[in-house]
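*Asks:* My structure is in work00.cif, and what it holds is mmCIF, C-alpha atoms:
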```cif
data_start
loop_
_atom_site.group_PDB
_atom_site.id
_atom_site.type_symbol
_atom_site.label_atom_id
_atom_site.label_comp_id
_atom_site.auth_asym_id
_atom_site.auth_seq_id
_atom_site.Cartn_x
_atom_site.Cartn_y
_atom_site.Cartn_z
ATOM 1 C CA MET P 1 -10.041 -10.880 -12.425
ATOM 2 C CA ASN P 2 -7.361 -8.231 -12.661
ATOM 3 C CA VAL P 3 -7.750 -5.320 -10.281
ATOM 4 C CA VAL P 4 -7.493 -2.764 -13.051
ATOM 5 C CA ASP P 5 -10.545 -4.397 -14.682
ATOM 6 C CA ILE P 6 -12.432 -4.151 -11.372
ATOM 7 C CA ILE P 7 -11.487 -0.483 -11.106
ATOM 8 C CA ASN P 8 -12.514 0.250 -14.693
ATOM 9 C CA LYS P 9 -15.820 -1.561 -14.160
ATOM 10 C CA ALA P 10 -16.496 0.623 -11.114
ATOM 11 C CA ILE P 11 -15.711 3.695 -13.234
ATOM 12 C CA SER P 12 -18.112 2.597 -15.979
ATOM 13 C CA GLU P 13 -20.836 1.874 -13.415
ATOM 14 C CA ARG P 14 -20.138 5.152 -11.586
ATOM 15 C CA ARG P 15 -19.843 3.175 -8.383
ATOM 16 C CA THR P 16 -17.295 3.530 -5.578
ATOM 17 C CA ARG P 17 -15.910 0.252 -4.237
ATOM 18 C CA PHE P 18 -14.361 -0.527 -0.858
ATOM 19 C CA ALA P 19 -10.809 -1.922 -0.479
ATOM 20 C CA PHE P 20 -8.363 -2.300 2.374
ATOM 21 C CA GLU P 21 -4.819 -3.284 3.243
ATOM 22 C CA LEU P 22 -3.563 -5.887 5.702
ATOM 23 C CA LEU P 23 -0.266 -6.502 7.456
ATOM 24 C CA PRO P 24 1.045 -10.085 7.533
ATOM 25 C CA PRO P 25 1.012 -11.344 11.121
ATOM 26 C CA LEU P 26 4.096 -11.022 13.243
ATOM 27 C CA LYS P 27 6.325 -14.053 12.922
ATOM 28 C CA GLY P 28 4.779 -16.969 14.768
ATOM 29 C CA ASP P 29 1.348 -15.388 15.271
ATOM 30 C CA GLY P 30 -0.438 -17.407 12.586
ATOM 31 C CA CYS P 31 -3.259 -16.122 10.414
ATOM 32 C CA CYS P 32 -6.094 -15.987 12.971
ATOM 33 C CA GLY P 33 -5.774 -12.236 13.419
ATOM 34 C CA VAL P 34 -5.671 -11.627 9.666
ATOM 35 C CA PHE P 35 -8.716 -13.802 9.040
ATOM 36 C CA GLY P 36 -10.499 -12.192 11.961
ATOM 37 C CA SER P 37 -10.054 -8.738 10.424
ATOM 38 C CA ILE P 38 -11.237 -9.965 7.026
ATOM 39 C CA ASP P 39 -14.281 -11.668 8.557
ATOM 40 C CA ARG P 40 -15.358 -8.299 9.958
ATOM 41 C CA LEU P 41 -14.837 -6.438 6.671
ATOM 42 C CA ILE P 42 -15.768 -8.955 3.979
ATOM 43 C CA GLY P 43 -19.460 -8.036 4.214
ATOM 44 C CA PHE P 44 -18.694 -4.676 2.598
ATOM 45 C CA ASP P 45 -17.825 -6.483 -0.650
ATOM 46 C CA PRO P 46 -14.199 -5.365 -1.022
ATOM 47 C CA ALA P 47 -12.973 -4.872 -4.562
ATOM 48 C CA TYR P 48 -9.638 -6.290 -3.454
ATOM 49 C CA ILE P 49 -7.437 -6.766 -0.377
ATOM 50 C CA ASN P 50 -3.813 -5.622 -0.317
ATOM 51 C CA VAL P 51 -1.171 -7.517 1.678
ATOM 52 C CA THR P 52 1.975 -5.620 2.571
ATOM 53 C CA PHE P 53 5.533 -6.890 2.188
ATOM 54 C CA HIS P 54 8.069 -6.131 4.912
ATOM 55 C CA ARG P 55 11.796 -6.116 4.349
ATOM 56 C CA GLU P 56 14.393 -7.395 6.745
ATOM 57 C CA GLY P 57 15.414 -5.686 9.952
ATOM 58 C CA ILE P 58 18.371 -6.057 12.304
ATOM 59 C CA LYS P 59 18.096 -7.894 15.627
ATOM 60 C CA GLN P 60 20.706 -7.895 18.373
ATOM 61 C CA ALA P 61 21.609 -11.158 20.107
ATOM 62 C CA VAL P 62 23.945 -11.669 23.055
ATOM 63 C CA ARG P 63 26.123 -14.785 22.983
ATOM 64 C CA PRO P 64 26.781 -16.816 26.166
ATOM 65 C CA ASP P 65 30.242 -15.242 26.379
ATOM 66 C CA GLY P 66 28.686 -11.781 26.510
ATOM 67 C CA SER P 67 29.643 -10.713 23.006
ATOM 68 C CA VAL P 68 27.002 -9.239 20.705
ATOM 69 C CA GLU P 69 26.037 -10.431 17.258
ATOM 70 C CA TRP P 70 23.495 -9.063 14.828
ATOM 71 C CA HIS P 71 20.986 -11.039 12.775
ATOM 72 C CA VAL P 72 18.991 -10.070 9.720
ATOM 73 C CA VAL P 73 15.334 -10.900 10.437
ATOM 74 C CA ARG P 74 11.944 -10.325 8.825
ATOM 75 C CA ARG P 75 9.278 -9.769 11.489
ATOM 76 C CA ARG P 76 6.310 -10.070 9.107
ATOM 77 C CA PRO P 77 7.120 -12.811 6.577
ATOM 78 C CA GLY P 78 4.764 -14.789 4.389
ATOM 79 C CA THR P 79 3.169 -12.235 2.058
ATOM 80 C CA VAL P 80 2.868 -14.658 -0.864
ATOM 81 C CA GLY P 81 1.482 -17.560 1.172
ATOM 82 C CA ILE P 82 -0.917 -15.374 3.144
ATOM 83 C CA SER P 83 -2.191 -13.769 -0.063
ATOM 84 C CA ALA P 84 -2.878 -17.186 -1.572
ATOM 85 C CA ALA P 85 -4.687 -18.338 1.584
ATOM 86 C CA ILE P 86 -6.880 -15.224 1.630
ATOM 87 C CA GLN P 87 -7.838 -15.506 -2.025
ATOM 88 C CA LYS P 88 -8.783 -19.163 -1.643
ATOM 89 C CA LYS P 89 -10.704 -18.726 1.614
ATOM 90 C CA TYR P 90 -12.662 -15.610 0.674
ATOM 91 C CA ASP P 91 -12.881 -15.653 -3.136
ATOM 92 C CA VAL P 92 -11.700 -12.060 -3.350
ATOM 93 C CA GLU P 93 -8.904 -10.578 -5.432
ATOM 94 C CA VAL P 94 -5.733 -10.115 -3.401
ATOM 95 C CA VAL P 95 -2.908 -7.712 -4.225
ATOM 96 C CA PRO P 96 0.406 -8.700 -2.613
ATOM 97 C CA HIS P 97 3.030 -5.996 -2.424
ATOM 98 C CA LEU P 98 6.444 -6.500 -3.977
ATOM 99 C CA ILE P 99 9.357 -4.291 -2.975
ATOM 100 C CA CYS P 100 12.878 -3.568 -4.172
ATOM 101 C CA GLY P 101 14.408 -3.311 -0.691
ATOM 102 C CA GLY P 102 16.464 -6.330 0.298
ATOM 103 C CA GLN P 103 15.507 -8.259 -2.844
ATOM 104 C CA SER P 104 17.602 -9.278 -5.823
ATOM 105 C CA LYS P 105 16.051 -9.443 -9.286
ATOM 106 C CA TYR P 106 16.152 -13.221 -8.915
ATOM 107 C CA ASP P 107 14.298 -13.098 -5.566
ATOM 108 C CA ILE P 108 11.635 -10.945 -7.205
ATOM 109 C CA GLU P 109 11.416 -13.266 -10.192
ATOM 110 C CA ASP P 110 10.978 -16.272 -7.904
ATOM 111 C CA ALA P 111 8.202 -14.475 -6.010
ATOM 112 C CA LEU P 112 6.461 -13.607 -9.281
ATOM 113 C CA ILE P 113 6.682 -17.218 -10.459
ATOM 114 C CA ASP P 114 5.145 -18.369 -7.161
ATOM 115 C CA LEU P 115 2.383 -15.759 -7.426
ATOM 116 C CA ASP P 116 1.585 -16.758 -10.998
ATOM 117 C CA PHE P 117 1.507 -20.448 -10.066
ATOM 118 C CA LEU P 118 -0.860 -19.704 -7.165
ATOM 119 C CA GLY P 119 -3.238 -17.719 -9.354
ATOM 120 C CA LEU P 120 -2.348 -14.341 -7.861
ATOM 121 C CA HIS P 121 -2.193 -11.994 -10.830
ATOM 122 C CA ASN P 122 -2.231 -8.590 -9.135
ATOM 123 C CA VAL P 123 0.784 -6.887 -7.548
ATOM 124 C CA LEU P 124 1.595 -3.485 -6.090
ATOM 125 C CA ALA P 125 5.156 -2.590 -7.092
ATOM 126 C CA LEU P 126 7.000 -0.452 -4.531
ATOM 127 C CA ARG P 127 10.559 0.556 -3.831
ATOM 128 C CA GLY P 128 10.024 0.024 -0.110
ATOM 129 C CA ASP P 129 11.485 1.828 2.862
ATOM 130 C CA LYS P 130 15.113 1.929 3.841
ATOM 131 C CA SER P 131 16.265 -0.673 6.344
ATOM 132 C CA GLN P 132 16.583 0.160 10.050
ATOM 133 C CA ASN P 133 20.349 0.389 9.768
ATOM 134 C CA GLU P 134 20.377 2.543 6.627
ATOM 135 C CA LYS P 135 20.521 6.333 6.520
ATOM 136 C CA PHE P 136 19.461 6.207 2.874
ATOM 137 C CA PHE P 137 17.811 3.476 0.834
ATOM 138 C CA MET P 138 20.392 1.004 -0.415
ATOM 139 C CA PRO P 139 19.355 -1.485 -3.097
ATOM 140 C CA HIS P 140 20.387 -5.127 -3.117
ATOM 141 C CA PRO P 141 23.613 -5.507 -5.149
ATOM 142 C CA GLN P 142 21.607 -7.472 -7.738
ATOM 143 C CA GLY P 143 18.385 -5.587 -7.191
ATOM 144 C CA HIS P 144 16.526 -2.434 -8.190
ATOM 145 C CA THR P 145 17.103 1.111 -7.009
ATOM 146 C CA HIS P 146 13.708 2.486 -8.020
ATOM 147 C CA ALA P 147 10.148 1.190 -8.254
ATOM 148 C CA VAL P 148 10.087 1.920 -11.983
ATOM 149 C CA ASP P 149 12.741 -0.775 -12.462
ATOM 150 C CA LEU P 150 10.562 -3.254 -10.585
ATOM 151 C CA VAL P 151 7.601 -2.319 -12.792
ATOM 152 C CA ARG P 152 9.761 -2.931 -15.859
ATOM 153 C CA GLN P 153 10.749 -6.383 -14.574
ATOM 154 C CA ILE P 154 7.133 -7.386 -13.967
ATOM 155 C CA ALA P 155 6.045 -6.026 -17.351
ATOM 156 C CA ALA P 156 8.914 -7.920 -19.009
ATOM 157 C CA MET P 157 7.810 -11.139 -17.325
ATOM 158 C CA ASN P 158 4.322 -10.534 -18.724
ATOM 159 C CA ARG P 159 6.016 -10.621 -22.139
ATOM 160 C CA GLY P 160 7.844 -13.850 -21.304
ATOM 161 C CA GLN P 161 11.187 -12.185 -20.594
ATOM 162 C CA PHE P 162 13.008 -13.355 -17.478
ATOM 163 C CA VAL P 163 16.098 -11.934 -15.780
ATOM 164 C CA ASP P 164 18.426 -14.212 -17.741
ATOM 165 C CA GLY P 165 16.589 -13.700 -21.045
ATOM 166 C CA GLU P 166 13.484 -14.926 -22.799
ATOM 167 C CA VAL P 167 12.404 -18.525 -22.207
ATOM 168 C CA GLU P 168 11.145 -20.307 -25.294
ATOM 169 C CA GLU P 169 7.496 -21.408 -25.216
ATOM 170 C CA CYS P 170 7.145 -20.077 -21.688
ATOM 171 C CA HIS P 171 3.871 -19.331 -19.982
ATOM 172 C CA HIS P 172 3.439 -15.565 -20.119
ATOM 173 C CA SER P 173 2.166 -14.133 -16.853
ATOM 174 C CA LYS P 174 -0.649 -11.590 -16.810
ATOM 175 C CA PHE P 175 0.089 -9.407 -13.812
ATOM 176 C CA SER P 176 -1.926 -6.255 -13.276
ATOM 177 C CA ILE P 177 0.542 -3.741 -11.851
ATOM 178 C CA GLY P 178 -0.311 -1.012 -9.372
ATOM 179 C CA VAL P 179 2.083 1.599 -8.008
ATOM 180 C CA ALA P 180 2.167 4.211 -5.256
ATOM 181 C CA GLY P 181 1.492 7.923 -5.660
ATOM 182 C CA TYR P 182 2.157 10.766 -3.232
ATOM 183 C CA PRO P 183 -0.389 13.623 -3.105
ATOM 184 C CA GLU P 184 1.964 15.566 -0.844
ATOM 185 C CA MET P 185 5.171 14.480 -2.603
ATOM 186 C CA HIS P 186 7.545 11.658 -1.760
ATOM 187 C CA GLU P 187 10.021 12.766 0.901
ATOM 188 C CA GLU P 188 13.002 12.117 -1.380
ATOM 189 C CA ALA P 189 11.602 13.901 -4.444
ATOM 190 C CA ALA P 190 13.387 17.067 -5.558
ATOM 191 C CA SER P 191 10.091 18.823 -6.297
ATOM 192 C CA PRO P 192 6.384 18.081 -6.867
ATOM 193 C CA GLU P 193 7.045 18.153 -10.604
ATOM 194 C CA ALA P 194 9.895 15.658 -10.286
ATOM 195 C CA ASP P 195 7.705 13.416 -8.156
ATOM 196 C CA ILE P 196 4.969 13.340 -10.793
ATOM 197 C CA ALA P 197 7.576 12.739 -13.492
ATOM 198 C CA CYS P 198 8.656 9.626 -11.556
ATOM 199 C CA LEU P 199 5.037 8.461 -11.418
ATOM 200 C CA LYS P 200 4.673 9.060 -15.162
ATOM 201 C CA ALA P 201 7.743 6.903 -15.746
ATOM 202 C CA LYS P 202 6.167 4.062 -13.736
ATOM 203 C CA VAL P 203 2.961 4.310 -15.749
ATOM 204 C CA ASP P 204 4.868 4.399 -19.020
ATOM 205 C CA ALA P 205 6.750 1.279 -17.879
ATOM 206 C CA GLY P 206 3.514 -0.666 -17.388
ATOM 207 C CA ALA P 207 1.696 0.439 -14.216
ATOM 208 C CA GLU P 208 -2.067 0.359 -14.739
ATOM 209 C CA TYR P 209 -3.317 2.205 -11.675
ATOM 210 C CA VAL P 210 -2.074 4.278 -8.753
ATOM 211 C CA VAL P 211 -2.860 3.956 -5.029
ATOM 212 C CA THR P 212 -1.971 7.041 -3.033
ATOM 213 C CA GLN P 213 -0.246 7.514 0.261
ATOM 214 C CA LEU P 214 -2.593 8.535 3.058
ATOM 215 C CA PHE P 215 -3.741 12.158 3.286
ATOM 216 C CA TYR P 216 -6.192 14.180 5.383
ATOM 217 C CA ASP P 217 -6.990 17.095 3.095
ATOM 218 C CA ASN P 218 -9.047 16.113 0.041
ATOM 219 C CA ALA P 219 -8.135 19.368 -1.704
ATOM 220 C CA ARG P 220 -4.562 18.113 -1.900
ATOM 221 C CA PHE P 221 -5.717 14.863 -3.474
ATOM 222 C CA PHE P 222 -7.874 16.622 -6.050
ATOM 223 C CA ASP P 223 -5.005 18.961 -6.923
ATOM 224 C CA TYR P 224 -2.670 15.978 -7.233
ATOM 225 C CA VAL P 225 -5.034 14.234 -9.657
ATOM 226 C CA ARG P 226 -5.305 17.435 -11.699
ATOM 227 C CA ARG P 227 -1.517 17.761 -11.917
ATOM 228 C CA CYS P 228 -1.158 14.084 -12.846
ATOM 229 C CA ARG P 229 -3.678 14.479 -15.661
ATOM 230 C CA GLU P 230 -1.898 17.568 -16.925
ATOM 231 C CA ALA P 231 1.312 15.515 -16.991
ATOM 232 C CA GLY P 232 -0.340 12.900 -19.204
ATOM 233 C CA ILE P 233 -1.056 10.272 -16.528
ATOM 234 C CA THR P 234 -4.433 8.797 -17.488
ATOM 235 C CA VAL P 235 -4.627 5.633 -15.352
ATOM 236 C CA PRO P 236 -7.029 5.470 -12.364
ATOM 237 C CA ILE P 237 -5.768 7.136 -9.182
ATOM 238 C CA ILE P 238 -7.129 5.515 -6.013
ATOM 239 C CA PRO P 239 -7.121 7.563 -2.783
ATOM 240 C CA GLY P 240 -5.600 5.972 0.317
ATOM 241 C CA ILE P 241 -7.214 6.776 3.661
ATOM 242 C CA LYS P 242 -6.104 6.034 7.205
ATOM 243 C CA PRO P 243 -8.254 7.357 10.032
ATOM 244 C CA LEU P 244 -6.248 9.209 12.658
ATOM 245 C CA SER P 245 -6.735 7.383 15.955
ATOM 246 C CA THR P 246 -4.377 8.740 18.633
ATOM 247 C CA VAL P 247 -2.976 12.090 19.767
ATOM 248 C CA ARG P 248 0.483 10.778 18.898
ATOM 249 C CA HIS P 249 -0.584 10.548 15.262
ATOM 250 C CA LEU P 250 -0.540 14.342 15.046
ATOM 251 C CA THR P 251 3.259 14.201 14.998
ATOM 252 C CA LEU P 252 3.960 10.591 14.007
ATOM 253 C CA LEU P 253 1.994 10.552 10.742
ATOM 254 C CA PRO P 254 3.549 13.729 9.291
ATOM 255 C CA GLN P 255 7.021 12.475 10.272
ATOM 256 C CA THR P 256 6.468 9.000 8.835
ATOM 257 C CA PHE P 257 4.363 9.693 5.762
ATOM 258 C CA GLY P 258 4.985 13.362 5.031
ATOM 259 C CA CYS P 259 1.282 14.175 5.261
ATOM 260 C CA HIS P 260 -0.275 17.450 6.383
ATOM 261 C CA ILE P 261 -2.726 17.377 9.307
ATOM 262 C CA PRO P 262 -5.389 20.076 8.746
ATOM 263 C CA GLU P 263 -5.515 22.677 11.493
ATOM 264 C CA GLU P 264 -9.177 21.972 12.225
ATOM 265 C CA LEU P 265 -8.524 18.257 12.767
ATOM 266 C CA GLY P 266 -5.449 18.863 14.906
ATOM 267 C CA ARG P 267 -7.231 21.432 17.056
ATOM 268 C CA GLU P 268 -10.182 19.117 17.704
ATOM 269 C CA VAL P 269 -7.904 16.211 18.626
ATOM 270 C CA LEU P 270 -5.947 18.360 21.077
ATOM 271 C CA ARG P 271 -9.180 19.543 22.718
ATOM 272 C CA HIS P 272 -9.833 15.888 23.624
ATOM 273 C CA LYS P 273 -6.234 14.780 24.142
ATOM 274 C CA ASP P 274 -7.036 13.215 27.528
ATOM 275 C CA ASP P 275 -9.877 11.105 26.111
ATOM 276 C CA PRO P 276 -8.464 8.381 23.799
ATOM 277 C CA LYS P 277 -11.935 7.142 22.851
ATOM 278 C CA ALA P 278 -13.025 10.629 21.792
ATOM 279 C CA VAL P 279 -9.830 11.130 19.778
ATOM 280 C CA ARG P 280 -10.425 7.876 17.910
ATOM 281 C CA GLU P 281 -14.005 8.908 17.179
ATOM 282 C CA ILE P 282 -12.870 12.321 15.897
ATOM 283 C CA GLY P 283 -10.457 10.619 13.502
ATOM 284 C CA THR P 284 -13.144 8.211 12.338
ATOM 285 C CA GLU P 285 -15.657 10.987 11.654
ATOM 286 C CA TRP P 286 -13.033 12.956 9.750
ATOM 287 C CA ALA P 287 -12.375 9.903 7.547
ATOM 288 C CA VAL P 288 -16.132 9.472 7.005
ATOM 289 C CA ALA P 289 -16.384 13.083 5.813
ATOM 290 C CA GLN P 290 -13.347 12.589 3.582
ATOM 291 C CA SER P 291 -14.853 9.439 2.128
ATOM 292 C CA ARG P 292 -18.220 11.038 1.391
ATOM 293 C CA GLU P 293 -16.606 13.873 -0.516
ATOM 294 C CA LEU P 294 -14.437 11.449 -2.495
ATOM 295 C CA VAL P 295 -17.479 9.321 -3.366
ATOM 296 C CA GLU P 296 -19.301 12.433 -4.565
ATOM 297 C CA ALA P 297 -16.261 13.214 -6.725
ATOM 298 C CA GLY P 298 -16.627 9.805 -8.380
ATOM 299 C CA VAL P 299 -13.502 7.953 -7.261
ATOM 300 C CA PRO P 300 -13.844 4.273 -8.253
ATOM 301 C CA VAL P 301 -12.301 2.785 -5.088
ATOM 302 C CA LEU P 302 -11.581 3.985 -1.562
ATOM 303 C CA HIS P 303 -8.478 2.220 -0.250
ATOM 304 C CA TYR P 304 -8.252 2.072 3.558
ATOM 305 C CA TYR P 305 -5.257 1.425 5.795
ATOM 306 C CA PRO P 306 -6.527 -0.349 8.966
ATOM 307 C CA MET P 307 -2.966 -0.992 10.255
ATOM 308 C CA GLY P 308 -4.128 -4.149 11.990
ATOM 309 C CA LYS P 309 -7.230 -2.678 13.689
ATOM 310 C CA ALA P 310 -10.551 -2.888 11.896
ATOM 311 C CA ASP P 311 -13.071 -1.287 14.280
ATOM 312 C CA ASN P 312 -12.803 2.271 12.943
ATOM 313 C CA ILE P 313 -12.745 1.031 9.325
ATOM 314 C CA ILE P 314 -15.981 -0.852 10.021
ATOM 315 C CA LYS P 315 -17.631 2.348 11.247
ATOM 316 C CA ILE P 316 -16.496 4.196 8.140
ATOM 317 C CA ALA P 317 -17.610 1.421 5.815
ATOM 318 C CA LYS P 318 -21.050 1.287 7.451
ATOM 319 C CA ALA P 319 -21.449 5.013 6.881
ATOM 320 C CA ILE P 320 -20.253 4.963 3.274
ATOM 321 C CA PHE P 321 -20.969 1.553 1.769
#
```
Would it be possible to restate this file's structure as structure tokens?

*Replies:*
Amino acid sequence: MNVVDIINKAISERRTRFAFELLPPLKGDGCCGVFGSIDRLIGFDPAYINVTFHREGIKQAVRPDGSVEWHVVRRRPGTVGISAAIQKKYDVEVVPHLICGGQSKYDIEDALIDLDFLGLHNVLALRGDKSQNEKFFMPHPQGHTHAVDLVRQIAAMNRGQFVDGEVEECHHSKFSIGVAGYPEMHEEAASPEADIACLKAKVDAGAEYVVTQLFYDNARFFDYVRRCREAGITVPIIPGIKPLSTVRHLTLLPQTFGCHIPEELGREVLRHKDDPKAVREIGTEWAVAQSRELVEAGVPVLHYYPMGKADNIIKIAKAIF
């Protein structure tokens, strides 16, 4: 079942569903950790599970003669295979991420063909972050600069059009396409209005729903939805939630994701800065309160970012679902 159909069903039933995102295991770690996290969360009947895609990084190696060489490596490979394994093992819809960074149009096409063959018909189309050695995002020479171009490629493949042109009597894929939204504006956007215009372009190109970047102030999410609707964006907008769990997050999360930490939350965390367990509990309770308000507002899905650790997500899910 396509994710957009699951979302629309939740809207029609006035029900809020649970969903979460997983990181592929570090290279060589196997899938035990991934399956372990799912085993702990599957009882909350997730609408879908997202699996992130990680682009290449740079690794330094020292030769026997003492000289240094650099290698391009991907520390978390296997998104397509892991997604297929999860969907088969748990009978739940899986949404692998696809990114522009480090990928040619042909690489993306090959991944889409593999996904279609494996029965994975949901994707989240993202530009992706810049590489470790890049000051600014640099596309692959044969790739895409913006997520909207990736959306267009996937939508074209749904119509039977491949990179080198239409294939006669081909099997048309049926990908449901999700994209990212930024309640507090993408860091590279010229203005909030320009950011929403970019989102509108992705929707016009074929995106069927939006999953937002994490945020800690629901008022900002509600205002974002209002502004999107005023701009003519009518597709479902799914809020993304990550519970704050360490004192370091007070500075790291705003730097990394451009999100605002409410003064009340920051003050409470700092009051307990020497008690890691208390800080984690404060972040969990804040996410519970966020989730309750979002449920009351009628959002169809709450999308959580466990970042490899499920214990606080379990507490939230128990309180909400």

*Asks:* I'd like to see the residues matched by the PyMOL selection byres ((chain P and resi 241) around 8) on this file, and ideally I'd get them as a list of chain:residue names.

*Replies:*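 Evaluating the PyMOL selection byres ((chain P and resi 241) around 8) on this file yields P:Gln213, P:Leu214, P:Phe215, P:Tyr216, P:Pro239, P:Gly240, P:Lys242, P:Pro243, P:Ala287, P:Leu302, P:His303, P:Tyr304, P:Tyr305.
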
*Asks:* Starting from the shown file, work through the PyMOL selection byres ((chain P and resi 211) around 9) and note down what comes out as a PyMOL selection string.

*Replies:* chain P and resi 124+178-182+209-210+212-213+236-240+303

*Asks:* Assuming the chain letters and numbering stay as they are in my file, what does the PyMOL selection byres ((chain P and resi 34) around 9) actually select? List them as a list in words.

*Replies:* Leu22, Leu23, Pro24, Pro25, Gly30, Cys31, Cys32, Gly33, Phe35, Gly36, Ser37, Ile38, Asp39, Ile82, Ile86 and Gly308 of chain P

*Asks:* Could you tell me how far CA of Arg267 (chain P) lies from CA of Pro254 (chain P), in Å and to one decimal?

*Replies:* 15.4 Å

*Asks:* CA of Asp45 (chain P) and CA of Arg15 (chain P) are how many Å apart?

*Replies:*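 Computing the Euclidean distance for CA of Asp45 (chain P) and CA of Arg15 (chain P) yields 12.5 Å.
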
*Asks:* Have a look at P:Gly78, P:Lys89, P:Arg127, P:Ile154 and name the one nearest to Tyr106 (chain P); count all atoms listed in the file.

*Replies:*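 Among the listed residues, P:Ile154 lies closest to Tyr106 (chain P).
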
*Asks:* Here is a test: counting all atoms listed in the file, which residue of P:Val3, P:Ala194, P:Cys100, P:Ile233 is nearest to Asn122 (chain P)?

*Replies:*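 Answer, going by the shortest atom-to-atom distance: P:Val3.
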
*Asks:* Take the structure in the block and write a file for region 204-260 of chain P, C-alpha atoms, as a PDB file, in the first residue's frame.

*Replies:*
```
ATOM      1  CA  ASP P 204       3.809  20.402  -8.274  1.00  0.00           C
ATOM      2  CA  ALA P 205       6.479  18.028  -9.619  1.00  0.00           C
ATOM      3  CA  GLY P 206       4.789  15.004  -8.039  1.00  0.00           C
ATOM      4  CA  ALA P 207       5.378  14.899  -4.266  1.00  0.00           C
ATOM      5  CA  GLU P 208       2.306  13.558  -2.475  1.00  0.00           C
ATOM      6  CA  TYR P 209       3.107  14.354   1.143  1.00  0.00           C
ATOM      7  CA  VAL P 210       5.588  16.272   3.274  1.00  0.00           C
ATOM      8  CA  VAL P 211       7.542  15.136   6.354  1.00  0.00           C
ATOM      9  CA  THR P 212       8.975  18.000   8.365  1.00  0.00           C
ATOM     10  CA  GLN P 213      12.332  18.559   9.933  1.00  0.00           C
ATOM     11  CA  LEU P 214      12.302  18.243  13.711  1.00  0.00           C
ATOM     12  CA  PHE P 215      10.985  21.138  15.805  1.00  0.00           C
ATOM     13  CA  TYR P 216      10.239  21.812  19.477  1.00  0.00           C
ATOM     14  CA  ASP P 217       7.632  24.556  19.274  1.00  0.00           C
ATOM     15  CA  ASN P 218       4.281  23.373  17.899  1.00  0.00           C
ATOM     16  CA  ALA P 219       3.220  26.961  17.213  1.00  0.00           C
ATOM     17  CA  ARG P 220       5.909  27.110  14.543  1.00  0.00           C
ATOM     18  CA  PHE P 221       4.591  23.937  12.941  1.00  0.00           C
ATOM     19  CA  PHE P 222       1.006  25.173  12.923  1.00  0.00           C
ATOM     20  CA  ASP P 223       2.107  28.486  11.413  1.00  0.00           C
ATOM     21  CA  TYR P 224       4.121  26.617   8.787  1.00  0.00           C
ATOM     22  CA  VAL P 225       1.097  24.527   7.789  1.00  0.00           C
ATOM     23  CA  ARG P 226      -1.014  27.686   7.558  1.00  0.00           C
ATOM     24  CA  ARG P 227       1.542  29.374   5.294  1.00  0.00           C
ATOM     25  CA  CYS P 228       1.829  26.252   3.130  1.00  0.00           C
ATOM     26  CA  ARG P 229      -1.942  26.136   2.678  1.00  0.00           C
ATOM     27  CA  GLU P 230      -2.024  29.809   1.779  1.00  0.00           C
ATOM     28  CA  ALA P 231       0.626  29.074  -0.859  1.00  0.00           C
ATOM     29  CA  GLY P 232      -1.587  26.404  -2.419  1.00  0.00           C
ATOM     30  CA  ILE P 233       0.126  23.325  -0.948  1.00  0.00           C
ATOM     31  CA  THR P 234      -2.711  20.902  -0.185  1.00  0.00           C
ATOM     32  CA  VAL P 235      -0.884  17.596   0.400  1.00  0.00           C
ATOM     33  CA  PRO P 236      -0.621  16.140   3.940  1.00  0.00           C
ATOM     34  CA  ILE P 237       2.116  17.651   6.111  1.00  0.00           C
ATOM     35  CA  ILE P 238       3.511  15.195   8.670  1.00  0.00           C
ATOM     36  CA  PRO P 239       5.302  16.602  11.742  1.00  0.00           C
ATOM     37  CA  GLY P 240       8.743  15.215  12.575  1.00  0.00           C
ATOM     38  CA  ILE P 241       9.645  14.879  16.250  1.00  0.00           C
ATOM     39  CA  LYS P 242      12.934  14.062  17.942  1.00  0.00           C
ATOM     40  CA  PRO P 243      13.014  14.089  21.731  1.00  0.00           C
ATOM     41  CA  LEU P 244      15.891  16.120  23.123  1.00  0.00           C
ATOM     42  CA  SER P 245      18.043  13.770  25.195  1.00  0.00           C
ATOM     43  CA  THR P 246      21.299  15.463  26.247  1.00  0.00           C
ATOM     44  CA  VAL P 247      22.485  18.883  27.418  1.00  0.00           C
ATOM     45  CA  ARG P 248      24.655  19.039  24.302  1.00  0.00           C
ATOM     46  CA  HIS P 249      21.507  18.990  22.181  1.00  0.00           C
ATOM     47  CA  LEU P 250      20.734  22.536  23.309  1.00  0.00           C
ATOM     48  CA  THR P 251      23.491  23.771  21.002  1.00  0.00           C
ATOM     49  CA  LEU P 252      23.973  20.842  18.616  1.00  0.00           C
ATOM     50  CA  LEU P 253      20.384  20.592  17.359  1.00  0.00           C
ATOM     51  CA  PRO P 254      19.999  24.293  16.484  1.00  0.00           C
ATOM     52  CA  GLN P 255      23.395  24.232  14.737  1.00  0.00           C
ATOM     53  CA  THR P 256      22.646  21.046  12.805  1.00  0.00           C
ATOM     54  CA  PHE P 257      18.955  21.392  12.023  1.00  0.00           C
ATOM     55  CA  GLY P 258      18.282  25.106  12.393  1.00  0.00           C
ATOM     56  CA  CYS P 259      15.598  24.498  15.011  1.00  0.00           C
ATOM     57  CA  HIS P 260      14.638  26.792  17.878  1.00  0.00           C
TER      58      HIS P 260
END
```
